[in-house]
>>> print(open('work_13.csv').read())   # CSV, C-alpha atoms
chain,number,residue,atom,x,y,z
A,1,MET,CA,19.6,-11.7,-13.0
A,2,THR,CA,19.0,-9.8,-9.7
A,3,ASP,CA,16.0,-10.3,-7.5
A,4,ALA,CA,14.7,-6.9,-8.7
A,5,ASP,CA,14.6,-8.3,-12.2
A,6,THR,CA,12.6,-11.3,-11.2
A,7,LEU,CA,10.0,-9.0,-9.4
A,8,ALA,CA,9.6,-6.4,-12.1
A,9,PRO,CA,7.0,-7.2,-14.7
A,10,ALA,CA,7.6,-6.5,-18.4
A,11,ALA,CA,5.7,-3.2,-18.2
A,12,GLY,CA,6.4,-1.7,-14.8
A,13,LEU,CA,4.7,1.2,-13.1
A,14,PRO,CA,5.0,4.4,-15.1
A,15,GLU,CA,5.2,6.3,-11.8
A,16,ALA,CA,8.3,4.2,-10.8
A,17,ALA,CA,9.9,4.8,-14.2
A,18,ALA,CA,9.4,8.5,-13.7
A,19,LEU,CA,11.5,8.5,-10.5
A,20,GLY,CA,14.5,7.4,-12.5
A,21,TRP,CA,17.8,7.6,-10.7
A,22,ARG,CA,16.4,9.3,-7.7
A,23,ARG,CA,15.2,6.1,-6.1
A,24,GLU,CA,16.8,2.7,-5.9
A,25,PRO,CA,14.3,0.0,-7.2
A,26,ALA,CA,12.9,-2.0,-4.3
A,27,SER,CA,13.8,-5.6,-4.0
A,28,GLU,CA,14.3,-8.4,-1.5
A,29,ARG,CA,17.8,-7.0,-0.8
A,30,THR,CA,16.7,-3.4,-0.2
A,31,LEU,CA,13.9,-4.5,2.1
A,32,ARG,CA,16.3,-6.6,4.2
A,33,ARG,CA,18.7,-3.7,4.3
A,34,ASP,CA,16.0,-1.2,5.3
A,35,GLY,CA,14.8,-3.6,7.9
A,36,ARG,CA,18.3,-3.9,9.4
A,37,ARG,CA,18.6,-0.1,9.3
A,38,TRP,CA,15.4,0.3,11.2
A,39,SER,CA,16.5,-2.3,13.8
A,40,ALA,CA,19.9,-0.6,14.2
A,41,TRP,CA,18.3,2.8,14.6
A,42,THR,CA,15.9,1.5,17.2
A,43,CYS,CA,18.7,-0.2,19.1
A,44,TRP,CA,20.7,3.1,19.0
A,45,VAL,CA,17.8,5.1,20.3
A,46,VAL,CA,17.2,2.7,23.1
A,47,ALA,CA,20.9,2.6,24.0
A,48,LEU,CA,21.2,6.4,23.8
A,49,PHE,CA,18.5,6.9,26.4
A,50,THR,CA,19.0,3.8,28.6
A,51,ALA,CA,22.8,4.2,29.1
A,52,PRO,CA,22.6,7.7,30.8
A,53,GLY,CA,19.9,6.3,33.0
A,54,LEU,CA,21.9,3.4,34.1
A,55,VAL,CA,25.0,5.6,34.7
A,56,LEU,CA,23.0,7.9,36.8
A,57,LEU,CA,21.7,5.0,38.9
A,58,TRP,CA,25.2,3.7,39.3
A,59,ILE,CA,26.6,7.0,40.4
A,60,GLU,CA,23.7,8.0,42.7
A,61,PRO,CA,20.6,5.8,43.2
A,62,TRP,CA,18.7,8.8,44.4
A,63,THR,CA,18.7,10.2,40.8
A,64,PHE,CA,16.2,7.5,39.9
A,65,PRO,CA,13.5,10.0,38.9
A,66,VAL,CA,15.9,11.4,36.2
A,67,ALA,CA,16.9,7.9,35.3
A,68,ALA,CA,13.2,7.0,35.0
A,69,LEU,CA,12.8,9.9,32.5
A,70,CYS,CA,15.7,8.5,30.4
A,71,PHE,CA,14.1,5.0,30.4
A,72,ALA,CA,10.7,6.6,29.5
A,73,HIS,CA,12.3,8.2,26.5
A,74,ALA,CA,14.0,4.9,25.5
A,75,TRP,CA,10.5,3.4,25.4
A,76,ALA,CA,8.6,6.4,24.0
A,77,VAL,CA,10.7,7.3,21.0
A,78,PRO,CA,10.5,3.8,19.3
A,79,SER,CA,6.9,3.6,20.3
A,80,LEU,CA,6.1,6.9,18.6
A,81,GLN,CA,7.9,5.8,15.5
A,82,ALA,CA,5.9,2.6,15.3
A,83,ARG,CA,2.7,4.6,15.9
A,84,ARG,CA,3.5,6.9,13.0
A,85,GLY,CA,4.0,3.9,10.8
A,86,ALA,CA,0.8,2.3,11.9
A,87,ARG,CA,-1.1,5.5,11.3
A,88,SER,CA,0.3,5.9,7.8
A,89,VAL,CA,-2.2,3.3,6.6
A,90,VAL,CA,-5.8,4.5,6.5
A,91,PRO,CA,-8.4,1.7,6.4
A,92,ILE,CA,-11.8,2.4,4.8
A,93,GLY,CA,-14.2,3.5,7.4
A,94,SER,CA,-11.5,4.4,9.9
A,95,GLU,CA,-11.3,7.8,11.7
A,96,ARG,CA,-9.3,9.4,8.9
A,97,SER,CA,-11.1,7.7,6.0
A,98,ALA,CA,-12.5,9.6,3.1
A,99,ALA,CA,-15.6,7.5,3.6
A,100,GLY,CA,-16.3,9.7,6.6
A,101,GLY,CA,-17.4,12.3,4.1
A,102,ASP,CA,-20.6,12.3,2.2
A,103,ASP,CA,-19.7,10.2,-0.8
A,104,GLY,CA,-23.0,8.3,-0.7
A,105,GLY,CA,-23.8,6.5,-3.9
A,106,ALA,CA,-20.3,7.1,-5.4
A,107,GLY,CA,-18.9,5.4,-2.3
A,108,LEU,CA,-21.0,2.3,-2.8
A,109,VAL,CA,-20.2,2.1,-6.5
A,110,ALA,CA,-16.5,2.3,-5.7
A,111,LEU,CA,-16.8,-0.4,-3.0
A,112,GLY,CA,-18.6,-2.6,-5.5
A,113,LEU,CA,-15.8,-2.3,-8.0
A,114,LEU,CA,-13.2,-2.9,-5.3
A,115,GLY,CA,-15.2,-6.0,-4.2
A,116,ASP,CA,-15.1,-7.3,-7.8
A,117,LEU,CA,-11.4,-6.8,-7.9
A,118,VAL,CA,-10.6,-8.9,-4.8
A,119,GLY,CA,-11.4,-12.6,-4.2
A,120,HIS,CA,-13.9,-14.1,-1.8
A,121,HIS,CA,-11.6,-14.4,1.2
A,122,GLU,CA,-10.2,-10.9,0.6
A,123,ARG,CA,-13.7,-9.5,0.3
A,124,GLY,CA,-14.6,-10.7,3.7
A,125,LEU,CA,-11.4,-9.2,5.1
A,126,LEU,CA,-12.1,-5.9,3.3
A,127,THR,CA,-15.5,-5.7,4.8
A,128,ALA,CA,-14.2,-6.5,8.3
A,129,THR,CA,-11.1,-4.3,8.3
A,130,GLY,CA,-11.3,-1.8,5.4
A,131,LEU,CA,-8.0,-3.2,4.1
A,132,ALA,CA,-7.5,-5.1,0.9
A,133,LEU,CA,-5.2,-8.1,0.9
A,134,HIS,CA,-2.7,-8.9,-1.8
A,135,ARG,CA,-0.2,-11.7,-1.6
A,136,GLY,CA,2.8,-10.9,-3.6
A,137,HIS,CA,6.4,-12.0,-4.0
A,138,LEU,CA,7.6,-9.7,-1.2
A,139,GLY,CA,5.0,-10.8,1.3
A,140,ALA,CA,1.4,-10.2,2.2
A,141,TRP,CA,0.2,-6.6,1.6
A,142,LEU,CA,-2.7,-5.0,3.4
A,143,VAL,CA,-3.7,-1.9,1.4
A,144,GLY,CA,-5.6,1.1,2.8
A,145,GLU,CA,-6.8,4.4,1.3
A,146,GLN,CA,-3.4,5.8,2.1
A,147,GLY,CA,-0.5,3.5,2.7
A,148,ALA,CA,0.0,-0.2,3.0
A,149,PHE,CA,1.4,-2.8,5.4
A,150,LEU,CA,3.7,-5.4,4.1
A,151,VAL,CA,4.0,-8.4,6.2
A,152,ARG,CA,7.2,-10.2,5.3
A,153,PRO,CA,7.6,-14.0,5.6
A,154,PRO,CA,9.4,-15.1,8.8
A,155,GLY,CA,13.1,-14.5,8.9
A,156,ARG,CA,15.9,-16.6,10.1
A,157,LEU,CA,15.1,-15.7,13.7
A,158,ARG,CA,11.4,-16.5,13.0
A,159,GLY,CA,10.4,-13.0,13.7
A,160,ARG,CA,7.8,-11.5,11.3
A,161,ARG,CA,8.6,-8.0,10.3
A,162,VAL,CA,6.0,-5.5,9.2
A,163,TYR,CA,6.8,-2.6,6.9
A,164,CYS,CA,4.5,0.4,6.9
A,165,TRP,CA,4.4,2.4,3.6
A,166,CYS,CA,3.1,5.9,2.9
A,167,VAL,CA,1.6,5.8,-0.6
A,168,ARG,CA,-1.5,7.4,-2.0
A,169,VAL,CA,-3.3,8.6,-5.2
A,170,GLY,CA,-1.3,11.5,-6.5
A,171,ASP,CA,-4.5,13.6,-6.8
A,172,PRO,CA,-7.1,12.1,-4.6
A,173,SER,CA,-9.6,15.0,-4.9
A,174,GLY,CA,-13.1,13.8,-5.0
A,175,LEU,CA,-12.3,10.1,-5.1
A,176,PRO,CA,-14.4,7.9,-2.8
A,177,ALA,CA,-12.6,5.7,-0.3
A,178,GLY,CA,-13.1,2.4,-2.3
A,179,ASP,CA,-11.5,4.0,-5.4
A,180,ARG,CA,-8.5,5.1,-3.4
A,181,VAL,CA,-7.9,1.6,-2.3
A,182,ALA,CA,-8.6,0.3,-5.9
A,183,HIS,CA,-6.0,2.7,-7.3
A,184,LEU,CA,-3.3,1.4,-4.9
A,185,LEU,CA,-4.3,-2.3,-5.3
A,186,LEU,CA,-4.2,-2.1,-9.1
A,187,ALA,CA,-0.8,-0.4,-9.0
A,188,LEU,CA,0.5,-3.0,-6.6
A,189,ARG,CA,-0.8,-5.8,-8.8
A,190,GLU,CA,0.8,-4.2,-11.8
A,191,ASP,CA,4.3,-4.0,-10.3
A,192,GLU,CA,4.9,-4.9,-6.7
A,193,ALA,CA,8.6,-3.8,-6.7
A,194,GLY,CA,7.7,-0.6,-8.5
A,195,PHE,CA,4.9,0.0,-5.9
A,196,ALA,CA,7.5,-0.4,-3.0
A,197,THR,CA,9.8,1.9,-4.9
A,198,ILE,CA,7.3,4.7,-5.2
A,199,ALA,CA,6.0,4.3,-1.6
A,200,ASN,CA,7.9,5.9,1.3
A,201,LEU,CA,8.9,3.6,4.1
A,202,ALA,CA,7.4,5.1,7.3
A,203,PHE,CA,8.4,2.3,9.6
A,204,SER,CA,9.8,-1.3,9.7
A,205,GLY,CA,9.9,-3.4,12.8
A,206,ALA,CA,8.5,-6.3,14.8
A,207,ARG,CA,4.8,-7.0,14.4
A,208,TRP,CA,3.8,-6.3,18.0
A,209,ARG,CA,5.2,-2.8,17.8
A,210,VAL,CA,2.8,-2.0,15.0
A,211,LEU,CA,-0.2,-4.1,16.2
A,212,ARG,CA,-0.6,-2.2,19.4
A,213,HIS,CA,-1.2,1.0,17.6
A,214,LEU,CA,-3.9,-0.2,15.2
A,215,GLU,CA,-7.7,-0.1,15.6
A,216,ALA,CA,-9.1,-3.5,16.5
A,217,PRO,CA,-10.3,-4.7,13.1
A,218,ALA,CA,-7.0,-3.8,11.4
A,219,ARG,CA,-5.1,-5.3,14.3
A,220,ASN,CA,-7.0,-8.6,13.9
A,221,ALA,CA,-6.5,-8.6,10.2
A,222,LEU,CA,-2.8,-8.1,10.5
A,223,ARG,CA,-2.5,-10.7,13.2
A,224,ASN,CA,-4.3,-13.2,11.0
A,225,GLU,CA,-2.2,-12.5,8.0
A,226,LEU,CA,0.9,-12.9,10.2
A,227,LEU,CA,-0.3,-16.3,11.2
A,228,ASN,CA,-1.2,-17.3,7.6
A,229,ALA,CA,1.7,-15.6,5.7
B,1,MET,CA,-18.1,-7.1,-24.9
B,2,GLY,CA,-15.3,-4.9,-23.6
B,3,ARG,CA,-15.6,-2.0,-21.3
B,4,LEU,CA,-13.3,1.0,-20.5
B,5,ILE,CA,-14.0,2.6,-17.2
B,6,ARG,CA,-12.4,5.5,-15.4
B,7,LEU,CA,-12.1,5.6,-11.6
B,8,ASP,CA,-13.4,9.1,-10.6
B,9,ARG,CA,-15.5,11.0,-8.1
B,10,THR,CA,-18.7,9.1,-9.1
B,11,GLY,CA,-17.1,5.8,-8.2
B,12,HIS,CA,-16.4,5.0,-11.8
B,13,THR,CA,-17.6,6.2,-15.2
B,14,THR,CA,-17.9,4.0,-18.3
B,15,VAL,CA,-15.9,5.8,-21.0
B,16,ALA,CA,-16.5,3.3,-23.8
B,17,GLU,CA,-17.9,-0.1,-24.6
B,18,TRP,CA,-17.2,-2.2,-27.6
B,19,SER,CA,-18.3,-5.5,-29.1
B,20,ALA,CA,-16.1,-8.0,-30.8
B,21,GLY,CA,-16.2,-7.4,-34.5
B,22,ASP,CA,-17.7,-3.9,-34.4
B,23,SER,CA,-14.9,-1.8,-35.8
B,24,ALA,CA,-16.7,1.5,-35.4
B,25,GLU,CA,-17.1,0.9,-31.6
B,26,ALA,CA,-13.5,-0.3,-31.4
B,27,GLU,CA,-12.2,2.8,-33.2
B,28,LEU,CA,-14.2,5.1,-30.9
B,29,ALA,CA,-13.0,3.3,-27.8
B,30,THR,CA,-9.4,3.5,-29.0
B,31,THR,CA,-9.7,7.2,-29.6
B,32,LEU,CA,-11.2,7.8,-26.2
B,33,PHE,CA,-8.6,5.6,-24.6
B,34,ALA,CA,-5.8,7.6,-26.2
B,35,GLY,CA,-7.4,10.8,-25.0
B,36,GLU,CA,-7.5,9.5,-21.4
B,37,LEU,CA,-3.8,8.5,-21.6
B,38,ASP,CA,-3.0,12.0,-22.9
B,39,ARG,CA,-4.7,13.4,-19.8
B,40,GLY,CA,-2.3,11.5,-17.6
B,41,MET,CA,-4.5,8.5,-16.8
B,42,ILE,CA,-2.9,5.0,-16.5
B,43,ALA,CA,-4.7,2.0,-18.0
B,44,SER,CA,-4.7,-1.3,-16.3
B,45,VAL,CA,-6.1,-4.7,-17.1
B,46,ASP,CA,-6.6,-7.0,-14.1
B,47,SER,CA,-6.0,-10.6,-15.0
B,48,GLY,CA,-8.1,-12.0,-12.1
B,49,ASP,CA,-5.2,-14.0,-10.7
B,50,GLY,CA,-3.8,-11.3,-8.5
B,51,THR,CA,-1.8,-9.6,-11.2
B,52,ALA,CA,-2.6,-6.7,-13.4
B,53,GLU,CA,-0.9,-5.2,-16.4
B,54,VAL,CA,-0.3,-1.6,-17.5
B,55,VAL,CA,-1.4,-1.2,-21.1
B,56,ARG,CA,-0.6,1.6,-23.4
B,57,ALA,CA,-2.8,0.5,-26.3
B,58,LEU,CA,-6.4,-0.6,-25.8
B,59,PRO,CA,-6.6,-4.4,-25.7
B,60,LEU,CA,-9.8,-5.0,-27.6
B,61,ASP,CA,-9.9,-8.6,-26.3
B,62,ALA,CA,-10.1,-7.5,-22.7
B,63,GLU,CA,-13.4,-7.5,-20.8
B,64,LEU,CA,-12.5,-4.6,-18.5
B,65,VAL,CA,-9.9,-1.9,-18.8
B,66,VAL,CA,-9.6,0.4,-15.8
B,67,LEU,CA,-8.2,3.9,-16.0
B,68,ARG,CA,-6.7,5.2,-12.8
B,69,ARG,CA,-4.8,8.2,-11.7
B,70,PRO,CA,-1.0,8.0,-10.9
B,71,ILE,CA,0.0,7.2,-7.4
B,72,ALA,CA,2.7,8.8,-5.4
B,73,GLY,CA,4.7,8.4,-2.2
B,74,GLY,CA,2.9,9.9,0.8
>>> encode(input="work_13.csv", output="structure tokens")
Amino acid sequence: MTDADTLAPAAGLPEAAALGWRREPASERTLRRDGRRWSAWTCWVVALFTAPGLVLLWIEPWTFPVAALCFAHAWAVPSLQARRGARSVVPIGSERSAAGGDDGGAGLVALGLLGDLVGHHERGLLTATGLALHRGHLGAWLVGEQGAFLVRPPGRLRGRRVYCWCVRVGDPSGLPAGDRVAHLLLALREDEAGFATIANLAFSGARWRVLRHLEAPARNALRNELLNA
Amino acid sequence: MGRLIRLDRTGHTTVAEWSAGDSAEAELATTLFAGELDRGMIASVDSGDGTAEVVRALPLDAELVVLRRPIAGG
């Protein structure tokens, strides 16, 4: 039995089944592999821009302005990737939230149902951050209107890796913000591995790289879950 | 008492309600449930312990069955 088998419930997500051969089912193994790929890619980008800068300085120290540009790229490109990952998750009430529209009573009804779906601790977290917490086999998930963070348990080097996933309701038209989160939360509870299979991985990396791009409430939530995971 | 709700633009809409032992209500709920599935909705029963189950037949013993739209990668 593979770890994918142990994660998949008897009746998985129909959306994941519809993907068929086009997508490898997510599992502990694929997450570790994807994490290593992201780390390797980041190292490559940093080396790619740092090396020319160092060579320039070695050849002629007066080229330091150009070398500084190289170093800036080595810092900026991974930072932009982390920012993209962080922004792929939209908390309720955030700048890009559907709650910014006029969904009035419907929004409150949706939030009420979402509040019923989550537990007491998670409800407080939801109110404070606009993100719904789900603790699964793969780690702690923080689900937004679009996208979700997966905080993995600490690895061998004690680092906690965060995965940023792009996932949404297929046809979100008219849905209030709370319902969008409820859709994703239900799907996640139905089949965690299937959820990770459907979702597109936007970023994977160290927690600090994601935290610095989040709004304060979401940043605090993620930091707390990192401490408690 | 069982309830079938659909997540929609109003927050949610109650599609059907049924009482244990009332076969007419159960039959109506089952018919409406099948219609929602035919429209592409996905039915889910939340167990309350952090898991949920996709159902393809209306579980008449469930208190709440939620109909949601399919999700997709962003």
>>> residues_around(input="work_13.csv", residues="region 183-191 of chain A", least_positions_apart="3", cutoff="9 Å", atoms="only C-alpha atoms", output="PyMOL selection string")
(chain A and resi 7-9+11-13+114+117+132-134+136+141+143-148+167-169+178-180+194-196) or (chain B and resi 7+44-46+50-54+66+68-71)
>>> atom_distance(input="work_13.csv", atom1="CA of Ser47 (chain B)", atom2="CA of Ala62 (chain B)")
9.3 Å
>>> closest_residue(input="work_13.csv", among="A:Ala16, A:Val66, A:Ala40, A:Ala76", to="chain B", atoms="only C-alpha atoms")
A:Ala16
>>> closest_residue(input="work_13.csv", among="A:Ala86, A:Leu131, A:Leu111, A:Ile59", to="chain B", atoms="only C-alpha atoms")
A:Leu111
>>> residues_around(input="work_13.csv", residues="Ile92 (chain A)", least_positions_apart="5", cutoff="9 Å", atoms="all atoms listed in the file", output="list in words")
Ser97, Ala98, Ala99, Gly100, Leu126, Thr127, Thr129, Gly130, Leu131, Gly144, Glu145, Ala177, Gly178 and Val181 of chain A
>>> closest_residue(input="work_13.csv", among="B:Leu60, B:Arg3, B:Gly11, B:Asp49", to="chain A", atoms="only C-alpha atoms")
B:Gly11
>>> atom_distance(input="work_13.csv", atom1="CA of Leu64 (chain B)", atom2="CA of Ala18 (chain A)")
26.0 Å
>>> residues_around(input="work_13.csv", residues="Arg6 (chain B)", least_positions_apart="3", cutoff="12 Å", atoms="only C-alpha atoms", output="PyMOL selection string")
(chain A and resi 110+113+175+179+182-183) or (chain B and resi 3+9-16+32-33+36-37+39-44+64-69)
>>> closest_residue(input="work_13.csv", among="B:Glu17, B:Asp38, B:Asp61, B:Ala72", to="Ile5 (chain B)", atoms="all atoms listed in the file")
B:Glu17
>>> atom_distance(input="work_13.csv", atom1="CA of Asp116 (chain A)", atom2="CA of Ala24 (chain B)")
29.0 Å
>>> closest_residue(input="work_13.csv", among="A:Pro14, A:Val162, A:Val55, A:Gly139", to="chain B", atoms="all atoms listed in the file")
A:Pro14
>>> closest_residue(input="work_13.csv", among="B:Thr31, B:Glu63, B:Met1, B:Gly48", to="Ser19 (chain B)", atoms="all atoms listed in the file")
B:Met1
>>> build_atoms(input="work_13.csv", residues="region 175-194 of chain A", atoms="N, CA and C atoms", output="compact mmCIF listing (two decimals), in the coordinates of the input")
# COMPACT_ATOMS: atom_id res chain seq x y z
N LEU A 175 -12.18 11.53 -4.94
CA LEU A 175 -12.30 10.10 -5.10
C LEU A 175 -12.89 9.46 -3.81
N PRO A 176 -13.88 8.58 -3.98
CA PRO A 176 -14.40 7.90 -2.80
C PRO A 176 -13.37 6.92 -2.23
N ALA A 177 -13.60 6.49 -1.00
CA ALA A 177 -12.60 5.70 -0.30
C ALA A 177 -12.27 4.39 -1.05
N GLY A 178 -13.30 3.71 -1.56
CA GLY A 178 -13.10 2.40 -2.30
C GLY A 178 -12.17 2.63 -3.48
N ASP A 179 -12.37 3.73 -4.19
CA ASP A 179 -11.50 4.00 -5.40
C ASP A 179 -10.09 4.25 -5.00
N ARG A 180 -9.88 4.87 -3.88
CA ARG A 180 -8.50 5.10 -3.40
C ARG A 180 -7.76 3.83 -3.20
N VAL A 181 -8.47 2.88 -2.57
CA VAL A 181 -7.90 1.60 -2.30
C VAL A 181 -7.67 0.85 -3.68
N ALA A 182 -8.68 0.96 -4.57
CA ALA A 182 -8.60 0.30 -5.90
C ALA A 182 -7.40 0.80 -6.66
N HIS A 183 -7.15 2.10 -6.60
CA HIS A 183 -6.00 2.70 -7.30
C HIS A 183 -4.70 1.99 -6.80
N LEU A 184 -4.56 1.94 -5.48
CA LEU A 184 -3.30 1.40 -4.90
C LEU A 184 -3.22 -0.11 -5.18
N LEU A 185 -4.35 -0.81 -5.09
CA LEU A 185 -4.30 -2.30 -5.30
C LEU A 185 -3.96 -2.58 -6.75
N LEU A 186 -4.52 -1.84 -7.69
CA LEU A 186 -4.20 -2.10 -9.10
C LEU A 186 -2.69 -1.83 -9.34
N ALA A 187 -2.21 -0.72 -8.80
CA ALA A 187 -0.80 -0.40 -9.00
C ALA A 187 0.10 -1.48 -8.37
N LEU A 188 -0.31 -1.98 -7.22
CA LEU A 188 0.50 -3.00 -6.60
C LEU A 188 0.46 -4.31 -7.40
N ARG A 189 -0.69 -4.64 -7.97
CA ARG A 189 -0.80 -5.80 -8.80
C ARG A 189 0.01 -5.67 -10.10
N GLU A 190 0.08 -4.44 -10.57
CA GLU A 190 0.80 -4.20 -11.80
C GLU A 190 2.31 -4.41 -11.64
N ASP A 191 2.82 -3.93 -10.52
CA ASP A 191 4.30 -4.00 -10.30
C ASP A 191 4.58 -3.83 -8.83
N GLU A 192 4.76 -4.96 -8.17
CA GLU A 192 4.90 -4.90 -6.70
C GLU A 192 6.21 -4.19 -6.32
N ALA A 193 7.31 -4.49 -7.02
CA ALA A 193 8.60 -3.80 -6.70
C ALA A 193 8.48 -2.32 -6.99
N GLY A 194 7.84 -1.99 -8.10
CA GLY A 194 7.70 -0.60 -8.50
C GLY A 194 6.82 0.15 -7.41
